[in-house]
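Okay, my_file.tsv now, which holds TSV, C-alpha atoms:
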```tsv
chain	number	residue	atom	x	y	z
A	1	MET	CA	-134.61	-159.16	-33.80
A	2	ARG	CA	-133.85	-156.52	-31.13
A	3	VAL	CA	-134.83	-159.03	-28.41
A	4	LEU	CA	-132.41	-161.57	-29.91
A	5	VAL	CA	-129.48	-159.08	-29.93
A	6	LEU	CA	-130.29	-158.10	-26.35
A	7	LEU	CA	-130.32	-161.73	-25.28
A	8	VAL	CA	-126.93	-162.41	-26.92
A	9	LEU	CA	-125.42	-159.40	-25.16
A	10	LEU	CA	-126.84	-160.40	-21.79
A	11	VAL	CA	-125.58	-163.97	-22.14
A	12	SER	CA	-122.11	-163.00	-23.35
A	13	SER	CA	-121.49	-160.08	-20.93
A	14	PRO	CA	-120.17	-162.26	-18.10
A	15	ALA	CA	-117.70	-163.85	-20.52
A	16	ILE	CA	-116.51	-160.40	-21.70
A	17	ALA	CA	-116.20	-159.22	-18.13
A	18	GLN	CA	-113.96	-162.20	-17.35
A	19	GLN	CA	-111.37	-161.28	-20.06
A	20	PRO	CA	-107.98	-160.48	-18.48
A	21	ALA	CA	-107.17	-156.76	-18.29
A	22	PRO	CA	-104.46	-155.53	-20.71
A	23	ASP	CA	-100.95	-155.52	-19.31
A	24	GLN	CA	-100.44	-152.04	-17.77
A	25	SER	CA	-96.65	-152.28	-18.02
A	26	GLN	CA	-96.81	-152.54	-21.87
A	27	GLN	CA	-98.85	-149.35	-22.30
A	28	PRO	CA	-97.13	-145.93	-22.41
A	29	LYS	CA	-97.46	-144.02	-19.18
A	30	GLN	CA	-100.10	-141.37	-19.12
A	31	THR	CA	-98.64	-137.86	-19.38
A	32	ASP	CA	-99.50	-135.89	-16.29
A	33	GLU	CA	-96.89	-133.11	-16.69
A	34	PHE	CA	-94.57	-131.55	-19.28
A	35	VAL	CA	-90.89	-131.60	-18.31
A	36	PRO	CA	-88.68	-129.04	-20.07
A	37	ILE	CA	-85.15	-129.97	-21.17
A	38	SER	CA	-82.43	-127.70	-22.49
A	39	GLN	CA	-81.50	-129.89	-25.48
A	40	LEU	CA	-83.35	-132.36	-27.66
A	41	PRO	CA	-82.35	-136.01	-27.34
A	42	ALA	CA	-80.01	-137.05	-30.15
A	43	GLN	CA	-82.63	-139.27	-31.83
A	44	ASP	CA	-85.12	-136.38	-32.07
A	45	GLN	CA	-82.72	-133.84	-33.58
A	46	LEU	CA	-83.01	-132.85	-37.23
A	47	PRO	CA	-80.28	-134.76	-39.06
A	48	ALA	CA	-77.72	-132.50	-40.74
A	49	ALA	CA	-76.37	-134.95	-43.34
A	50	PRO	CA	-79.38	-134.88	-45.73
A	51	LEU	CA	-79.36	-131.06	-45.69
A	52	LEU	CA	-75.61	-130.98	-46.38
A	53	VAL	CA	-75.81	-133.55	-49.17
A	54	THR	CA	-78.79	-131.74	-50.74
A	55	ALA	CA	-76.92	-128.42	-50.67
A	56	TYR	CA	-73.78	-129.81	-52.35
A	57	ALA	CA	-75.75	-131.91	-54.83
A	58	PHE	CA	-77.82	-128.87	-55.78
A	59	VAL	CA	-74.70	-126.78	-56.45
A	60	TRP	CA	-73.10	-129.48	-58.63
A	61	VAL	CA	-76.28	-130.25	-60.56
A	62	VAL	CA	-77.13	-126.59	-61.20
A	63	LEU	CA	-73.60	-125.73	-62.37
A	64	PHE	CA	-73.46	-128.79	-64.61
A	65	ALA	CA	-76.92	-128.01	-66.06
A	66	TYR	CA	-75.87	-124.42	-66.75
A	67	VAL	CA	-72.68	-125.45	-68.56
A	68	VAL	CA	-74.68	-127.94	-70.67
A	69	SER	CA	-77.28	-125.25	-71.40
A	70	VAL	CA	-74.67	-122.71	-72.59
A	71	GLY	CA	-72.93	-125.43	-74.62
A	72	ARG	CA	-76.16	-126.37	-76.39
A	73	ARG	CA	-77.06	-122.75	-77.12
A	74	LEU	CA	-73.57	-122.13	-78.47
A	75	THR	CA	-73.64	-125.20	-80.71
A	76	LYS	CA	-77.02	-124.16	-82.11
A	77	VAL	CA	-75.84	-120.61	-82.91
A	78	GLN	CA	-72.57	-121.84	-84.42
A	79	HIS	CA	-74.39	-124.27	-86.71
A	80	GLU	CA	-76.64	-121.45	-87.86
A	81	VAL	CA	-73.64	-119.17	-88.47
A	82	GLU	CA	-71.96	-121.88	-90.56
A	83	ARG	CA	-75.15	-122.46	-92.55
A	84	LEU	CA	-75.59	-118.75	-93.27
A	85	GLU	CA	-71.94	-118.30	-94.19
A	86	SER	CA	-72.18	-121.13	-96.72
A	87	ASP	CA	-75.40	-119.62	-98.13
A	88	ILE	CA	-73.70	-116.26	-98.55
A	89	ALA	CA	-70.65	-117.90	-100.13
A	90	LYS	CA	-72.89	-119.71	-102.67
A	91	ARG	CA	-74.62	-116.44	-103.61
A	92	THR	CA	-71.37	-114.63	-104.23
B	1	MET	CA	-62.22	-118.83	-77.63
B	2	PRO	CA	-58.89	-117.75	-76.08
B	3	LYS	CA	-56.05	-120.26	-75.65
B	4	TRP	CA	-56.15	-120.11	-71.85
B	5	PHE	CA	-59.77	-121.27	-71.74
B	6	VAL	CA	-59.37	-125.06	-71.99
B	7	PRO	CA	-56.39	-125.42	-69.58
B	8	LEU	CA	-58.10	-123.15	-67.06
B	9	ALA	CA	-61.34	-125.11	-67.41
B	10	ALA	CA	-59.46	-128.37	-66.75
B	11	ALA	CA	-57.70	-126.87	-63.72
B	12	THR	CA	-60.98	-125.56	-62.34
B	13	ALA	CA	-62.68	-128.93	-62.80
B	14	LEU	CA	-59.84	-130.63	-60.91
B	15	MET	CA	-60.02	-128.05	-58.14
B	16	PHE	CA	-63.78	-128.54	-57.82
B	17	ALA	CA	-63.26	-132.28	-57.64
B	18	ALA	CA	-60.68	-131.81	-54.85
B	19	SER	CA	-62.69	-129.29	-52.83
B	20	PRO	CA	-65.01	-131.85	-51.08
B	21	PHE	CA	-61.92	-133.57	-49.60
B	22	LEU	CA	-60.64	-130.33	-48.10
B	23	ILE	CA	-64.11	-129.47	-46.81
B	24	ALA	CA	-64.54	-132.93	-45.28
B	25	ASN	CA	-61.18	-132.55	-43.49
B	26	ALA	CA	-62.04	-129.10	-42.11
B	27	PRO	CA	-63.03	-129.18	-38.42
B	28	TYR	CA	-66.67	-129.11	-37.28
B	29	GLU	CA	-68.06	-125.85	-35.94
B	30	ALA	CA	-68.81	-126.02	-32.19
B	31	THR	CA	-72.48	-125.02	-32.16
B	32	MET	CA	-73.70	-125.95	-35.66
B	33	GLY	CA	-71.71	-129.14	-36.26
B	34	LEU	CA	-71.89	-130.87	-39.63
B	35	VAL	CA	-74.39	-128.56	-41.30
B	36	GLN	CA	-71.97	-125.62	-41.03
B	37	LYS	CA	-69.96	-127.22	-43.85
B	38	ILE	CA	-72.52	-125.81	-46.29
B	39	PHE	CA	-70.69	-122.53	-45.61
B	40	TYR	CA	-67.74	-123.59	-47.84
B	41	TYR	CA	-69.89	-123.39	-50.99
B	42	HIS	CA	-72.47	-120.93	-49.70
B	43	LEU	CA	-70.08	-118.05	-49.00
B	44	PRO	CA	-68.01	-118.26	-52.24
B	45	SER	CA	-71.18	-118.46	-54.31
B	46	ALA	CA	-72.53	-115.42	-52.42
B	47	TRP	CA	-69.35	-113.46	-53.18
B	48	VAL	CA	-69.51	-114.43	-56.85
B	49	PHE	CA	-73.21	-113.51	-56.89
B	50	LEU	CA	-72.33	-110.01	-55.64
B	51	LEU	CA	-69.30	-109.77	-57.95
B	52	SER	CA	-71.36	-110.63	-61.02
B	53	ALA	CA	-73.98	-108.02	-60.01
B	54	ILE	CA	-71.14	-105.44	-59.85
B	55	VAL	CA	-69.73	-106.54	-63.24
B	56	CYS	CA	-73.24	-106.33	-64.72
B	57	GLY	CA	-73.74	-102.85	-63.23
B	58	ILE	CA	-70.40	-101.43	-64.39
B	59	ALA	CA	-70.77	-102.88	-67.89
B	60	SER	CA	-74.33	-101.52	-68.07
B	61	ALA	CA	-73.18	-98.04	-66.99
B	62	ARG	CA	-70.47	-98.10	-69.67
B	63	PHE	CA	-73.05	-99.26	-72.22
B	64	LEU	CA	-75.52	-96.54	-71.21
B	65	PHE	CA	-72.99	-93.71	-71.31
B	66	GLY	CA	-70.64	-95.07	-73.98
B	67	GLY	CA	-72.96	-97.11	-76.19
B	68	SER	CA	-70.50	-99.99	-76.65
B	69	PRO	CA	-72.23	-103.25	-77.72
B	70	ARG	CA	-69.28	-105.15	-76.19
B	71	GLN	CA	-70.17	-103.81	-72.76
B	72	ASP	CA	-73.82	-104.71	-73.35
B	73	ARG	CA	-72.84	-108.31	-74.11
B	74	LEU	CA	-70.72	-108.43	-70.95
B	75	ALA	CA	-73.62	-107.06	-68.88
B	76	TYR	CA	-76.05	-109.61	-70.33
B	77	ALA	CA	-73.65	-112.47	-69.55
B	78	ALA	CA	-73.02	-111.21	-66.01
B	79	ALA	CA	-76.77	-110.83	-65.34
B	80	GLU	CA	-77.30	-114.51	-66.19
B	81	LEU	CA	-74.47	-115.48	-63.85
B	82	THR	CA	-75.99	-113.30	-61.11
B	83	VAL	CA	-79.17	-115.36	-61.42
B	84	LEU	CA	-77.19	-118.63	-61.42
B	85	PHE	CA	-75.03	-117.92	-58.38
B	86	GLY	CA	-77.90	-116.14	-56.62
B	87	ALA	CA	-79.97	-119.32	-56.96
B	88	ILE	CA	-77.15	-121.30	-55.33
B	89	VAL	CA	-76.97	-118.82	-52.44
B	90	LEU	CA	-80.73	-118.75	-51.95
B	91	VAL	CA	-81.02	-122.54	-51.90
B	92	THR	CA	-77.95	-123.49	-49.86
B	93	GLY	CA	-78.68	-120.74	-47.30
B	94	PRO	CA	-82.12	-122.04	-46.27
B	95	LEU	CA	-80.80	-125.62	-46.15
B	96	TRP	CA	-78.23	-124.44	-43.63
B	97	ALA	CA	-80.74	-122.23	-41.79
B	98	ARG	CA	-83.24	-125.06	-41.34
B	99	LYS	CA	-80.80	-126.82	-39.06
B	100	ALA	CA	-78.95	-123.85	-37.57
B	101	TRP	CA	-81.91	-121.52	-36.95
B	102	GLY	CA	-84.83	-123.96	-37.02
B	103	VAL	CA	-86.49	-122.15	-39.94
B	104	TRP	CA	-86.03	-122.24	-43.70
B	105	TRP	CA	-86.30	-118.48	-44.14
B	106	GLN	CA	-86.19	-115.36	-42.02
B	107	TRP	CA	-87.24	-111.96	-43.38
B	108	ASP	CA	-84.15	-110.25	-42.03
B	109	VAL	CA	-82.23	-107.58	-43.89
B	110	ARG	CA	-79.43	-109.81	-45.30
B	111	LEU	CA	-81.74	-112.46	-46.71
B	112	THR	CA	-84.32	-110.00	-48.00
B	113	SER	CA	-81.75	-107.74	-49.71
B	114	SER	CA	-80.10	-110.80	-51.31
B	115	LEU	CA	-83.48	-111.94	-52.61
B	116	MET	CA	-84.08	-108.43	-53.98
B	117	GLY	CA	-80.73	-108.46	-55.80
B	118	TRP	CA	-81.56	-111.83	-57.32
B	119	MET	CA	-84.99	-110.60	-58.43
B	120	VAL	CA	-83.44	-107.51	-60.04
B	121	ALA	CA	-81.15	-109.81	-62.06
B	122	TRP	CA	-84.19	-111.87	-63.10
B	123	ALA	CA	-85.96	-108.64	-64.06
B	124	TYR	CA	-82.93	-107.71	-66.22
B	125	LEU	CA	-83.13	-111.02	-68.10
B	126	LEU	CA	-86.91	-110.85	-68.52
B	127	VAL	CA	-86.75	-107.27	-69.83
B	128	ARG	CA	-84.02	-108.30	-72.30
B	129	LYS	CA	-86.04	-111.28	-73.50
B	130	TYR	CA	-89.53	-109.79	-73.69
B	131	GLY	CA	-89.00	-106.00	-73.61
B	132	GLY	CA	-88.76	-105.49	-77.36
B	133	PRO	CA	-86.79	-102.63	-78.99
B	134	GLY	CA	-84.92	-100.46	-76.48
B	135	SER	CA	-85.01	-103.14	-73.81
B	136	ASP	CA	-81.20	-103.22	-73.66
B	137	LYS	CA	-81.09	-99.68	-72.20
B	138	LEU	CA	-84.03	-100.29	-69.89
B	139	ALA	CA	-82.32	-103.44	-68.58
B	140	ALA	CA	-79.05	-101.51	-68.16
B	141	GLY	CA	-80.91	-99.11	-65.87
B	142	LEU	CA	-82.14	-102.06	-63.83
B	143	ALA	CA	-78.57	-103.38	-63.56
B	144	LEU	CA	-77.52	-100.10	-61.92
B	145	PHE	CA	-80.10	-100.71	-59.19
B	146	GLY	CA	-78.83	-104.28	-58.85
B	147	MET	CA	-75.28	-102.98	-58.37
B	148	ALA	CA	-76.42	-100.32	-55.86
B	149	ASN	CA	-77.94	-103.13	-53.79
B	150	VAL	CA	-74.59	-104.94	-53.41
B	151	PRO	CA	-72.96	-102.83	-50.63
B	152	PHE	CA	-76.29	-102.86	-48.82
B	153	VAL	CA	-76.30	-106.69	-48.88
B	154	TYR	CA	-72.69	-106.84	-47.67
B	155	ILE	CA	-72.86	-104.39	-44.75
B	156	SER	CA	-76.41	-105.28	-43.69
B	157	VAL	CA	-75.26	-107.91	-41.17
B	158	ASN	CA	-73.04	-105.39	-39.40
B	159	TYR	CA	-75.52	-102.50	-39.20
B	160	TRP	CA	-78.85	-104.19	-38.49
B	161	ARG	CA	-79.81	-106.78	-35.92
B	162	THR	CA	-79.94	-110.02	-37.85
B	163	ILE	CA	-79.70	-113.73	-37.23
B	164	HIS	CA	-77.21	-114.16	-40.11
B	165	PRO	CA	-73.49	-114.48	-39.17
B	166	ALA	CA	-71.54	-111.20	-39.38
B	167	THR	CA	-68.75	-110.47	-41.89
B	168	SER	CA	-66.23	-110.69	-39.02
B	169	VAL	CA	-66.54	-114.51	-39.15
B	170	VAL	CA	-64.21	-114.86	-42.15
B	171	PRO	CA	-61.07	-113.03	-40.84
B	172	THR	CA	-61.30	-114.93	-37.55
B	173	LEU	CA	-61.51	-118.41	-39.11
B	174	PRO	CA	-58.97	-120.96	-37.84
B	175	VAL	CA	-56.39	-122.13	-40.41
B	176	ASP	CA	-58.04	-125.49	-41.18
B	177	MET	CA	-61.37	-123.85	-41.92
B	178	GLY	CA	-59.66	-120.97	-43.76
B	179	VAL	CA	-57.79	-123.27	-46.16
B	180	ALA	CA	-61.00	-125.05	-47.17
B	181	LEU	CA	-62.84	-121.75	-47.57
B	182	TRP	CA	-60.19	-119.93	-49.63
B	183	PHE	CA	-59.73	-122.99	-51.86
B	184	ALA	CA	-63.49	-122.99	-52.52
B	185	VAL	CA	-63.37	-119.22	-53.14
B	186	ALA	CA	-60.63	-119.78	-55.75
B	187	CYS	CA	-62.76	-122.50	-57.40
B	188	PHE	CA	-65.80	-120.27	-57.63
B	189	LEU	CA	-63.83	-117.25	-58.88
B	190	LEU	CA	-62.19	-119.30	-61.62
B	191	LEU	CA	-65.54	-120.79	-62.55
B	192	PHE	CA	-67.02	-117.31	-62.72
B	193	VAL	CA	-64.27	-116.11	-65.09
B	194	LEU	CA	-64.73	-119.18	-67.30
B	195	LEU	CA	-68.52	-119.02	-67.41
B	196	LEU	CA	-68.45	-115.27	-68.06
B	197	ARG	CA	-66.04	-115.74	-70.98
B	198	LEU	CA	-68.14	-118.61	-72.37
B	199	ARG	CA	-71.37	-116.64	-72.02
B	200	VAL	CA	-69.84	-113.52	-73.64
B	201	TYR	CA	-68.63	-115.73	-76.49
B	202	LEU	CA	-72.21	-116.93	-76.98
B	203	GLU	CA	-73.39	-113.32	-77.23
B	204	GLU	CA	-70.57	-112.57	-79.71
B	205	GLN	CA	-71.72	-115.46	-81.87
B	206	ARG	CA	-75.32	-114.21	-81.69
B	207	ALA	CA	-74.16	-110.73	-82.77
B	208	ARG	CA	-72.28	-112.36	-85.65
B	209	LEU	CA	-75.43	-114.25	-86.61
B	210	ASP	CA	-77.49	-111.04	-86.60
B	211	ALA	CA	-74.87	-109.38	-88.82
B	212	LEU	CA	-75.02	-112.32	-91.24
B	213	TYR	CA	-78.82	-112.13	-91.44
B	214	LEU	CA	-78.56	-108.41	-92.17
B	215	SER	CA	-76.00	-108.98	-94.93
B	216	LEU	CA	-78.22	-111.71	-96.40
B	217	ASP	CA	-81.21	-109.33	-96.52
B	218	GLU	CA	-79.17	-106.67	-98.33
```
Conversion result in structure tokens:
Amino acid sequence: MRVLVLLVLLVSSPAIAQQPAPDQSQQPKQTDEFVPISQLPAQDQLPAAPLLVTAYAFVWVVLFAYVVSVGRRLTKVQHEVERLESDIAKRT
Amino acid sequence: MPKWFVPLAAATALMFAASPFLIANAPYEATMGLVQKIFYYHLPSAWVFLLSAIVCGIASARFLFGGSPRQDRLAYAAAELTVLFGAIVLVTGPLWARKAWGVWWQWDVRLTSSLMGWMVAWAYLLVRKYGGPGSDKLAAGLALFGMANVPFVYISVNYWRTIHPATSVVPTLPVDMGVALWFAVACFLLLFVLLLRLRVYLEEQRARLDALYLSLDE
């Protein structure tokens, strides 16, 4: 089996060697130095809009949720007050 | 509820709806650009956060030394609002910082003291909820510490070296930025008054409920 694999490799190696080399112009250039710049290119900068939208959305959602929460607590207590008041009225 | 509550609530809602238009029309800041517009909700919520800590502290002091349940209810309501507006400050601030400073959080004196004030308000609420009998006075003591922290938070940016903008930014704002800011400040102050009144009303109803249960037992 090993002999067979070796034979296949030996026979096919000239064909592999004749394959055209990959186009050098399409590959990224190898980095041979780091060049500092004072400012990031625009496409690499952290976008501000998602942060701004998140901040404002958070404020609105939290305030709305708090108002709903107080409203629900108040409704619950008021229903209980009404129930107790009617109970007391029935007793007297 | 008082008669002024509903008209004031409607006016505040309209003002809040209008505030994004004013903020959008305000000019961009030269170095921070778009993200600086978080400032128009961040700063008013920070002021209301500090104001509610002061209200909570004063009402707690009056409750401790005068024993008035009305002051206790006011302190409880203000503590909850301190947590609410503190959460807004502590979330919008890092969102702004991520872009402006490159980090979400910096352990500098302004941010750390604000976080401490927020945690004291949380401690107040937790003591009130789980502290059992006498927790109202224990929590009132905590509120005094929360109030004592307020001037420290405010002046910290002027006395210590910090990355946070100084308090001198506000008086030097150009008119276009100032209009948007002061409009947002008015919105948040009105909202604070409304929420405080609503929250105190809830405590009044709870006190009424307790009184009814007592009368039912007798």
Atom CA of Val81 of chain A to atom CA of Val200 of chain B, distance in Å rounded to a single decimal: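 Value for the atom CA of Val81 of chain A-atom CA of Val200 of chain B distance: 16.3 Å.
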7 Å contacts from chain B to chain A using only C-alpha atoms, as a list in words: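 Output check: Leu34, Val35, Ile38, Ile88, Thr92, Leu95, Lys99, Arg199, Leu202, Gln205, Arg206, Leu209, Leu212 and Leu216 of chain B.
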Point-to-point distance in Å for atom CA of Ala13 of chain B and atom CA of Ala65 of chain A: 14.6 Å
Counting all atoms listed in the file, the option among B:Tyr213, B:Phe152, B:Phe183, B:Trp107 closest to Ala18 of chain B: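 Selected residue with least distance to Ala18 of chain B: B:Phe183.
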Nearest-residue call for Leu111 of chain B, choices B:Leu90, B:Ala79, B:Met177, B:Leu64, using all atoms listed in the file: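 Closest to Leu111 of chain B of all the choices is B:Leu90.
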Point-to-point distance from atom CA of Trp160 of chain B to atom CA of Phe85 of chain B, Å rounded to tenths: 24.5 Å
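Among B:Thr167, B:Ser68, B:Thr172, B:Ser113, the residue with the shortest atom-to-atom distance to Lys137 of chain B, counting all atoms listed in the file, is B:Ser68.
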Shortest interatomic distance to Gly33 of chain B - which of B:Phe5, B:Phe49, B:Trp96, B:Tyr76, counting all atoms listed in the file: B:Trp96
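Each of B:Val185, B:Leu81, B:Val127, B:Val109 was compared to Thr162 of chain B using all atoms listed in the file, and B:Val109 turns out to be the nearest.
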Nearest residue to Leu189 of chain B from the set B:Leu14, B:Gln36, B:Ala46, B:Lys3 (distances using all atoms listed in the file): B:Ala46
